[in-house]
Amino acid sequence: MIGSDSQAMSLIAFITVISVTLLLCVMTAPDRDDLTEFYTGARSLSPLRNGLAIAGDYVSAATVLSTVGVIALTGYDGLVLTLSTALSLVLLMFLLAEPLRNAGRFTMGDVLTRRTPGPAVRITACLVTLAALLPLLVVQLAGAGDLIAFVLGFDAAAFKTGCIVMLGLLMIGYAAIGGMKGTAFIQAVKTVVLAAASLAVAALILHRYGWSPGRLLGRAAQGSGAGPAYLSSGLEFGGDKLDMISSQLTVVLGGGCLPHITMRMYSAPSARAVRRSLSWAVSAVAVICLALIVIGVGSAAVVGRHAITAADPQGRTSLLLTTQALIGPHASTAGTVLFTAVATAIFLTLLASISGMTLACANTLAHDLVAHGLRGRSGVRGTTETNTARVAALAVGVPALLLAAATQHHNLQPLVTVSFCLGASALAPALVLTLFWRRYTRAGLLCTLIGGTVFTLVVMTGTKLVSGSPQSVFPTHDFNWFPFTTTGIVSIPFGFAAGWLGTVLSRHDVYTQRQRYEAVEGWILAGAVRR
């Protein structure tokens, strides 16, 4: 049970965070309706600030809460998935970051149309971006109500719905007012606060067990109820190695290719700056992931599996339960401050995550769909496009918060998996083939985006997350025909194969595409100065 002092301080902290971030968002907002300033912050962000913003976008609220929970409940398997999360950003840094920065302007649609221009590619890129981000956005909003209610001690459904609506309106405001620069500031602050709070809790856990990892792991194995099995593979995937490989592939390839992550590449002023930004981002994510691993193991040791699952079957409240257990039922002032810091870090993570995703969705609607997709070559004026992006934030935010409010009492974990699967199966193949394969054609690109998306969604209906298990969306039904948790093991090869097949079957377009690629290849890969 959370103490009344901690609840009161958390409420004050939440109100303060909302007031300060809104004020700072307004102060850092674009001074004029300039496209470059709204979409990229005029490329004026320092590598440190941009790197912290990338890390903030990458480490979402769902990642933080689910990571601690899955490690606490499944041990070794959860740890491997956490390391896969960090590896995804490393892969982005070494393989895609510089080409993305050089080929892109404002959105992923700009990257994909660098060699294959046309409204069909723009519209498809927009639709796939929305399909990948909206599920993740709904999950973050739906979980916000339960989380805030848990911290503040409320259990009424109306209170939870009110929290969802409040956060939804805030995310619309952050995206519409602040643009890239405003949301980058919020993400940077969130990263610092989350890292500090996580390290403090991790240090307390290690101190409790004499700074001995062996003692901590031994106590965690006992508290998990699984014994030695907690420290070996099998609890999460039932010993199915292929299922584990599928999940790892999905996380590694999908996490770094989601549009709200890649859009941060375009705000770097140069190729050298994007490298330095990713260095800061990888460092920050590594620190946070290591702290979350310690907290996850510590949660099993300090709280125990029974108490964790009693509060939430997926273990999403493990971080808060662990913090409360560490400070005790009669917390000192320092303990109350620590719990407030952790609650504030989670609240900031919620605000920052949903605002970044909303901005990415709004940008693709305004830039890819309206300005270049529906209007074609005629386009729209810069001022009109900026205002369209602000309206688009409202058009994305309102349906998202309504869906979140309507589905808050359902298990939405499959939606997170859908987002990562689409990132790995449609967006990652499209980016890799666009940037590195000379023969890749417009037909191949459309086959990758459309085929990868449709195939992933179809296969997803047959996974264990949808039916056939107590944790699935339909636990009382069993139409499970695909034996794995994620689709990555088949949908990722399908995405690449669809692009190859579409290119081979459109031979008449290959020569033109190769000429266009050769014209921009050096510029993309070498990092020529933008015009």
# chains A, B, ... in the order shown; residues from 1 in each chain; ligands from 1
$ residues_around --residues "A:Leu369" --least-positions-apart "4" --cutoff "9 Å" --atoms "only C-alpha atoms" --output "VMD selection string"
chain A and resid 119 122 to 127 364 to 365 373 to 375
$ write_last_selection --atoms "N, CA and C atoms" --output "tab-separated table (two decimals), in the first residue's frame"
chain	number	residue	atom	x	y	z
A	119	PRO	N	3.04	10.07	-55.63
A	119	PRO	CA	2.05	10.13	-54.55
A	119	PRO	C	1.71	8.76	-53.96
A	122	ARG	N	4.12	8.07	-51.20
A	122	ARG	CA	3.86	8.98	-50.07
A	122	ARG	C	2.66	8.51	-49.26
A	123	ILE	N	1.58	8.21	-49.94
A	123	ILE	CA	0.35	7.81	-49.24
A	123	ILE	C	0.55	6.48	-48.51
A	124	THR	N	1.23	5.54	-49.18
A	124	THR	CA	1.48	4.25	-48.54
A	124	THR	C	2.38	4.41	-47.32
A	125	ALA	N	3.42	5.23	-47.43
A	125	ALA	CA	4.31	5.47	-46.29
A	125	ALA	C	3.55	6.06	-45.12
A	126	CYS	N	2.63	6.98	-45.41
A	126	CYS	CA	1.81	7.58	-44.36
A	126	CYS	C	0.94	6.53	-43.68
A	127	LEU	N	0.29	5.70	-44.45
A	127	LEU	CA	-0.62	4.70	-43.88
A	127	LEU	C	0.14	3.66	-43.04
A	364	THR	N	3.56	13.02	-40.72
A	364	THR	CA	3.35	12.24	-41.94
A	364	THR	C	2.00	12.53	-42.57
A	365	LEU	N	0.99	12.82	-41.76
A	365	LEU	CA	-0.31	13.19	-42.32
A	365	LEU	C	-0.21	14.49	-43.10
A	373	GLY	N	1.01	13.84	-51.13
A	373	GLY	CA	0.25	12.69	-51.62
A	373	GLY	C	-1.00	13.10	-52.35
A	374	LEU	N	-1.89	13.83	-51.66
A	374	LEU	CA	-3.16	14.23	-52.28
A	374	LEU	C	-2.99	15.41	-53.21
A	375	ARG	N	-2.09	16.32	-52.88
A	375	ARG	CA	-1.90	17.51	-53.72
A	375	ARG	C	-0.91	17.28	-54.86
$ residues_around --residues "A:Ala426" --least-positions-apart "4" --cutoff "7 Å" --atoms "only C-alpha atoms" --output "NGL selection string"
:A and (422 or 430 or 448-449 or 452-453 or 495)
$ closest_residue --among "A:Ala281, A:Val396, A:Thr309, A:Met244" --to "A:Gly488" --atoms "only C-alpha atoms"
A:Met244
$ closest_atom_pairs --of "stretch 398-422 of chain A" --to "stretch 136-151 of chain A" --cutoff "8 Å" --atoms "only C-alpha atoms" --output "tab-separated table"
residue	atom	partner	partner_atom	distance
A:Ala400	CA	A:Val138	CA	5.6
A:Leu401	CA	A:Leu141	CA	6.6
A:Leu403	CA	A:Val138	CA	6.6
A:Ala404	CA	A:Ala142	CA	4.5
A:Ala405	CA	A:Ala142	CA	6.3
A:Thr407	CA	A:Ala142	CA	7.0
A:Gln408	CA	A:Ala142	CA	4.7
A:Leu412	CA	A:Val139	CA	6.1
A:Gln413	CA	A:Val139	CA	7.6
A:Leu415	CA	A:Leu136	CA	6.3
A:Val416	CA	A:Leu136	CA	5.4
A:Ser419	CA	A:Leu136	CA	6.2
$ closest_atom_pairs --of "stretch 358-439 of chain A" --to "stretch 79-103 of chain A" --cutoff "9 Å" --atoms "only C-alpha atoms" --output "CSV"
residue,atom,partner,partner_atom,distance
A:Leu431,CA,A:Leu96,CA,8.2
A:Val432,CA,A:Leu96,CA,7.7
A:Leu435,CA,A:Pro99,CA,6.9
$ closest_residue --among "A:Leu35, A:Leu446, A:Cys289, A:Ala61" --to "A:Ser506" --atoms "only C-alpha atoms"
A:Leu446
$ closest_residue --among "A:Gln471, A:Ser247, A:Asn363, A:Thr349" --to "A:Ala424" --atoms "only C-alpha atoms"
A:Ser247
